Structure formats: structure tokens, C-alpha cells
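*Asks:* Could you have a look at this structure, given as C-alpha cells, before my questions?
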Amino acid sequence: MKISKLTLAIATVLGASVTSGAFAMDLYVDTKTKQIFAEPGRGRELMGAFEKVQDAPAKIAEKLDEAEIKAIREDLALKDNAIKALQEHKEESTGPKSVNLKLNEKGIQFETADKNFNFRLGGRIHADASYSSDDNLVKRGTRTHVEANDGTEIRRGRMEFLGTFYKDWEFKSQLDFADNKATVKDMFVQYNGLNVATLPFAITFGQQKQAFSRELQESSNDLMFMERSLMNVLNEPTVDRAIGLNIASLNKNWTGQVGIYGDTIAPNAENNKADEGWAINSRWTYAPINQKTKVIHLGVAGNYKAPDAKDQVNDNDLKYSYETSHMSNLKLIDTGHISKINNIKMVGLEANGLYGPFALGGEYTHTWLDRKDGADNLELDGWYGEASWTITGESRKYKKGKFYKVEPNKNFSLKNGGWGAWEVATRYGEVDLNSGAVNGGQMSNVTVALNWYVNNNIRFMADYNKVLDISQSPLTTVSGGKPDSLDMFMVRGQLAF
């Protein structure tokens, strides 16, 4: 170890004070004050071990010329810079602004040590295949052949960017690349710093899901089935995502939210009949029993929607229809374009129960369409009931008015012997699109599902859908009968993080 003359002189002075029997001693420098100490302490770094070499330390100082003193000063300056660099490095790695990087089942995450700022990159891939039997159909009253599109598709291919600024401000941007095109799903900012009488409130503005229906509110990553129910025929065209302002109080046993919305994120290029439509809706939930594996959930929601100046709803002509799968292009019931809309009123009811590995529940939606210029007013409704059993014993998760997918107790691994979680589920649904002069059809179906949760990120799904009853469908069999023998088989591989 190279020791400067000044350091040696200081060490000699200190060495003179010890007994003659001392052979060597350790010296420490305070990183802030640059003082020399003979004992370790807080903020002190070891310089090394030094020996006493003579009894006249002052003579050493006398022999130092200007060049040597300059060299000593330069040496001290270098050490001072080195100490500062170490301090800066320590602050960067452990200070409040230091950044921690994590890579786990939730994706890539960055967070400052003081938790003021964080960022997460997430995503999902839903790869589907479907097959339909007895789908040799024709358009009613014609010989025009119609059948389901069997094959494969990327049902969802999404990237999402989530983060927090100054603890209270959150954002989410979610893009979907399915159907070989890019679309915006979510793009909003949320403020979580408001508390009134101990109640937390969240204020969200931007493109978001509207406050209606548990099934529509829940993520597609968490649904029991590959597609939402027949009831969603009424909800998706009217209360799906839109740009708006939502105020919510989300608590453990109850939630309440109200929002006012315009139209979707699609640009409005009109300069004639250009005014957007608007909506106000609200959803409230209550869980009188809310334990880890025992839950009773009740909910109610309402919606009022006024169309835009072009008589459109959420930037599209209003029509209600049921497509047997996202890729089939086969619509068994269809109202066609409904025009002359004055307003739309909706009410939704929810009830669900969870008991260990068993889940049971359902929803109901009723829609009133008030029309103008003498057109008939319409009333439409739909509902579904579902039940599931996790064979391996796990429970679904419940938090703040929504249910979440099963998380396996033991991940699938051939090496370690785990088999993940296995779930079976069934659902019955009905929707009636016949009212007044509109004969969109009435339909009921049943779905049976088998879900394999390999781990918290990967799931495989298999669904069987059977049409039970159908009337006034725009399609018929070749012989003119009802298309009520149609069977659908679907499978999915899902990655979500």
C-alpha cells in the first residue's frame, strides 16, 4: 500500500504517543471531516496499519520541501474525490431516489426507494382455436349460404404500461394488437389522494370501462369462460369503454362509483351533426360476507345514454347481435340497425357467492330504448347464471366488488410433481331481442368449461357451447328449420403478466 509522506508524518506523531512496546497500529479517516483516528467508528474508513519509526516526528515535517508538499496536496485531493464518488454511489444505490428493478410474475417493474414513482410493463396473449358443427345455414328466405369461420386467431394481444407519480397519481395505457391492427383499450389517469371522512376516493379521467356490470368490469384474464355471456349482447354496445370522468370509493365490503362519459377514443371527423353523445352511469356493490374463502356479493347498476347527433351510440350504429365466437362471423340473432333513438335507460342486478372451491352467481340486465318520430319504444333483457368448482381445492379471489382468477397452490412441474389448479364451470344464458316492430330473435345457450391454471401467468381453457333454443333468427337450416343444433368447441392458450 503506497503511503504519502504527510500521512506517514501524521502516523508518526500518533505513533509517538503509544508505548514503546507497540509494534503497529491501524489508522482510520473520517470520510466527511478527513480527521485521523486510531479507533474505528461510524463514517470512518481503514487507511492501513502503521509502525513507529522514530522519536522525532517534527524533523520529518522540516525536511518536506515545496514540491513534496504539493504532491501531498494532490494526493489528498485525489483521495477526497474518491471519497465523494463513493458517497454519491452509495446515495444512488440506497437513497430515496434510488431505483429498484424487479422481474416477476407481474412483469417488469421499476420503483424508487421512497415509493413515490413506479412503472410496470405488463401484457397478455390469448391464442384461440374454434370449430363449429351443424353450421350449414342460409339467410332466412334465401339460398345464400352462411357458416361459421373455423380456425385460429389471436383473440387478444395486449401491452400495458402502468405507473405512479408522487404516490397518489396513477396512469394506465393499454394497447391491443389483435386482428392485426392496433387499438387503444385503456388510457387514463387516476388520483388516489382524496379521503373524505376516512373514506378513500379515486378520481379517474380518460378512456376507461364504464360503471356497469360485474362481468364487463372484470378483466378477460379472470373470466371463467373464453367469452362473456349472452347478456353481454345488451351491455357491450352501450356501456363498454368510453372517455369520461369517474369518481369511486372502493372499500373492502362495499364499493360505489358514478361516472359521466362521452364517446369512445375514436376521433370525431364530423363537421355536420358533429356533437357527441353522452352517458351517466353508476354501480354499487355490497358484500355482507367477505372472508378469504367465503363471499356473498350483491350489486346494482344503472345507465342513462343519449346518442350523438348522428343517432349513433359509442361511435357506431346501434344494433344488438350475438356472434357465436369472436372469429366465427356467424350471428344467430341480430336486430340490425336501430334508428331514431332518443335515449337508452338500463338497470343491472348482480348476485354471487363463493364457498371454498365452489362459486355460484349471475346477472340480469334490462334495457329501455326511448325512440322519437313515432318509432316504437323497445324493451330488451338478458341474464345468465354460472357455477364453478376448483377440483384442486383453491378459491377464486374477491376484491373491491370484482372476482379474480384462481391461483394454484402448487404450480405445474414435472420435476417437482405439481399439477397446477383445475377448474370446471358451467353457464346458462338467455337474451330476448324481440320488442315492438324489432324482431332480433330470442336465444338461450349453455356453456361448459375446463380450465387448467399452470401457474399464475399461464392458463389453458376449453369451452363447449350448445344452442338450446332460438326463435326468429335471421338464419335457418337449409330445410328452413331453426339453427338450434349448433355446437361450438373452443380452446385457448393464455399468457398474462
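Just remember, in the C-alpha cells the first chain shown is A, the second B, etc., residues are 1-based per chain, and ligands are 1-based in the order shown.
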Fewer than 5 positions away in the same chain doesn't count, so skip those; otherwise give me all residues within 9 Å of A:Gln217, counting only C-alpha atoms, as a ChimeraX atom specification.

*Replies:* /A:209-212,240,402

*Asks:* Tell me, in Å to one decimal, how far atom CA of A:Ala279 is from atom CA of A:Thr255.

*Replies:*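 Here the two named atoms are 20.3 Å from each other.
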
*Asks:* So which residues of stretch 196-429 of chain A fall under alpha helix (DSSP H) by DSSP, listed as a ChimeraX atom specification?

*Replies:* /A:214-217,232-239

*Asks:* If you measure from atom CA of A:Ile72 to atom CA of A:Pro40, what distance in Å do you get, rounded to one decimal?

*Replies:*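 One can read the atom CA of A:Ile72 to atom CA of A:Pro40 distance as 24.2 Å.
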
*Asks:* Where does DSSP see strand (DSSP E or B) in stretch 77-195 of chain A, if you list the residues as a count of residues only?

*Replies:* 70

*Asks:* Name the residues in contact with A:Asp263 at a cut-off of 12 Å, using only C-alpha atoms, excluding same-chain residues fewer than 2 positions from it; report them as an MDAnalysis selection string.

*Replies:* chainID A and resid 206:210 237:245 260:261 265:268 274:280 305:309 312:316

*Asks:* Contacts of stretch 476-493 of chain A at 6 Å or less, counting only C-alpha atoms, minus same-chain residues fewer than 5 places along, as a ChimeraX atom specification?

*Replies:* /A:126-134,137-138,140,460-467,469

*Asks:* Take the residues from that selection and write them out as a short mmCIF file (atom, residue, chain, number, x, y, z; two decimals), in the first residue's frame, keeping N, CA, C and O atoms.

*Replies:*
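Result file again10.cif:
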data_model
loop_
_atom_site.label_atom_id
_atom_site.label_comp_id
_atom_site.auth_asym_id
_atom_site.auth_seq_id
_atom_site.Cartn_x
_atom_site.Cartn_y
_atom_site.Cartn_z
N HIS A 126 -53.86 -14.07 -25.81
CA HIS A 126 -54.92 -15.07 -25.85
C HIS A 126 -54.95 -15.65 -27.27
O HIS A 126 -55.38 -14.99 -28.21
N ALA A 127 -54.46 -16.87 -27.41
CA ALA A 127 -54.41 -17.54 -28.71
C ALA A 127 -55.52 -18.59 -28.75
O ALA A 127 -55.52 -19.53 -27.95
N ASP A 128 -56.46 -18.44 -29.70
CA ASP A 128 -57.68 -19.26 -29.75
C ASP A 128 -57.76 -20.13 -30.99
O ASP A 128 -57.19 -19.79 -32.05
N ALA A 129 -58.50 -21.20 -30.85
CA ALA A 129 -58.92 -22.03 -31.98
C ALA A 129 -60.36 -22.43 -31.74
O ALA A 129 -60.77 -22.66 -30.60
N SER A 130 -61.17 -22.49 -32.82
CA SER A 130 -62.59 -22.84 -32.66
C SER A 130 -63.06 -23.71 -33.81
O SER A 130 -62.54 -23.65 -34.93
N TYR A 131 -64.09 -24.52 -33.51
CA TYR A 131 -64.71 -25.41 -34.51
C TYR A 131 -66.20 -25.45 -34.25
O TYR A 131 -66.65 -25.54 -33.11
N SER A 132 -67.00 -25.37 -35.31
CA SER A 132 -68.47 -25.42 -35.21
C SER A 132 -69.00 -26.61 -35.99
O SER A 132 -68.53 -26.91 -37.11
N SER A 133 -69.99 -27.28 -35.41
CA SER A 133 -70.66 -28.38 -36.12
C SER A 133 -72.10 -27.98 -36.42
O SER A 133 -72.68 -27.10 -35.77
N ASP A 134 -72.68 -28.59 -37.44
CA ASP A 134 -74.07 -28.31 -37.86
C ASP A 134 -74.27 -26.83 -38.16
O ASP A 134 -75.27 -26.21 -37.74
N LEU A 137 -75.89 -23.27 -42.82
CA LEU A 137 -77.10 -22.46 -42.69
C LEU A 137 -77.26 -21.55 -43.89
O LEU A 137 -76.35 -21.39 -44.71
N VAL A 138 -78.47 -20.93 -43.98
CA VAL A 138 -78.74 -19.95 -45.03
C VAL A 138 -79.43 -18.74 -44.40
O VAL A 138 -80.02 -18.84 -43.31
N ARG A 140 -82.34 -16.27 -43.83
CA ARG A 140 -83.78 -16.56 -43.86
C ARG A 140 -84.42 -16.07 -45.15
O ARG A 140 -84.22 -14.93 -45.58
N PHE A 460 -54.70 -22.63 -19.65
CA PHE A 460 -55.28 -23.26 -20.84
C PHE A 460 -56.77 -23.47 -20.58
O PHE A 460 -57.18 -23.89 -19.50
N MET A 461 -57.61 -23.14 -21.61
CA MET A 461 -59.05 -23.18 -21.47
C MET A 461 -59.67 -24.00 -22.60
O MET A 461 -59.17 -23.97 -23.75
N ALA A 462 -60.75 -24.69 -22.28
CA ALA A 462 -61.52 -25.42 -23.29
C ALA A 462 -63.00 -25.18 -23.00
O ALA A 462 -63.46 -25.43 -21.88
N ASP A 463 -63.74 -24.69 -24.00
CA ASP A 463 -65.17 -24.39 -23.85
C ASP A 463 -65.99 -25.17 -24.87
O ASP A 463 -65.59 -25.32 -26.03
N TYR A 464 -67.15 -25.62 -24.40
CA TYR A 464 -68.15 -26.22 -25.30
C TYR A 464 -69.44 -25.41 -25.15
O TYR A 464 -69.96 -25.21 -24.05
N ASN A 465 -69.96 -24.88 -26.28
CA ASN A 465 -71.18 -24.09 -26.29
C ASN A 465 -72.26 -24.81 -27.09
O ASN A 465 -72.00 -25.27 -28.21
N LYS A 466 -73.45 -24.86 -26.53
CA LYS A 466 -74.57 -25.53 -27.18
C LYS A 466 -75.77 -24.60 -27.24
O LYS A 466 -76.19 -24.04 -26.21
N VAL A 467 -76.32 -24.37 -28.43
CA VAL A 467 -77.56 -23.60 -28.58
C VAL A 467 -78.72 -24.48 -28.14
O VAL A 467 -78.90 -25.58 -28.66
N ASP A 469 -82.17 -23.14 -27.45
CA ASP A 469 -83.43 -22.72 -28.06
C ASP A 469 -83.20 -21.39 -28.77
O ASP A 469 -82.43 -20.55 -28.30
#

*Asks:* Could you work out how far atom CA of A:Glu160 lies from atom CA of A:Val184, giving the answer in Å with one decimal?

*Replies:*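 Interatomic distance, atom CA of A:Val184 to atom CA of A:Glu160: 10.1 Å.
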
*Asks:* For A:Gly157, which of A:Leu175, A:Ala359, A:Met25, A:Leu332 is the closest residue, counting only C-alpha atoms?

*Replies:*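 Among the listed residues, A:Leu175 lies closest to A:Gly157.
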
*Asks:* Residues of stretch 234-328 of chain A that approach stretch 197-202 of chain A to 12 Å or less, counting only C-alpha atoms: could you list each one with the shortest pair of atoms and its distance in Å to one decimal, rows by chain and increasing residue number, as CSV?

*Replies:*
residue,atom,partner,partner_atom,distance
A:Leu245,CA,A:Ala202,CA,10.5
A:Asn246,CA,A:Ala202,CA,8.0
A:Ile247,CA,A:Ala202,CA,5.8
A:Ala248,CA,A:Ala202,CA,5.2
A:Ser249,CA,A:Phe201,CA,4.6
A:Leu250,CA,A:Pro200,CA,7.1
A:Asn251,CA,A:Pro200,CA,7.6
A:Lys252,CA,A:Pro200,CA,11.0
A:Trp254,CA,A:Leu199,CA,11.2
A:Thr255,CA,A:Phe201,CA,10.2
A:Gly256,CA,A:Phe201,CA,9.7
A:Gln257,CA,A:Ala202,CA,9.1
A:Val258,CA,A:Ala202,CA,10.9
A:Gly259,CA,A:Ala202,CA,11.5

*Asks:* Select, from A:Val406, A:Ala182, A:Ile391, A:Ile83, the residue with the minimum atom-to-atom distance to A:Asn221, counting only C-alpha atoms.

*Replies:*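 Of the candidates, the smallest distance to A:Asn221 is held by A:Val406.
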
*Asks:* May I ask which of the residues A:Pro288, A:Gly420, A:Gly123, A:Gly193 is the closest one to A:Glu105, counting only C-alpha atoms?

*Replies:* A:Gly123

*Asks:* Give me the residues near A:Leu380 as a list in words, where near means some atom within 6 Å (using only C-alpha atoms) and where sequence neighbours in that chain fewer than 5 positions away do not count.

*Replies:*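 Answer for this query is His366, Thr367, Asp432 and Leu433 of chain A.
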
*Asks:* Those residues with N, CA and C atoms, as a PDB file, in the first residue's frame please?

*Replies:*
ATOM      1  N   HIS A 366     -81.754  -5.172 -17.937  1.00  0.00           N
ATOM      2  CA  HIS A 366     -82.970  -4.762 -18.645  1.00  0.00           C
ATOM      3  C   HIS A 366     -82.696  -3.422 -19.313  1.00  0.00           C
ATOM      4  N   THR A 367     -83.112  -3.309 -20.576  1.00  0.00           N
ATOM      5  CA  THR A 367     -82.847  -2.111 -21.381  1.00  0.00           C
ATOM      6  C   THR A 367     -84.147  -1.534 -21.919  1.00  0.00           C
ATOM      7  N   ASP A 432     -83.322 -11.746 -25.015  1.00  0.00           N
ATOM      8  CA  ASP A 432     -84.520 -11.557 -25.833  1.00  0.00           C
ATOM      9  C   ASP A 432     -84.398 -10.214 -26.546  1.00  0.00           C
ATOM     10  N   LEU A 433     -84.264 -10.275 -27.868  1.00  0.00           N
ATOM     11  CA  LEU A 433     -84.129  -9.069 -28.691  1.00  0.00           C
ATOM     12  C   LEU A 433     -85.385  -8.789 -29.496  1.00  0.00           C
TER      13      LEU A 433
END

*Asks:* If we count only C-alpha atoms, what is near A:Arg459 at a cut-off of 7 Å, once residues fewer than 3 positions away on the same chain are taken out, given as a VMD selection string?

*Replies:* chain A and resid 452 to 454 493 to 495
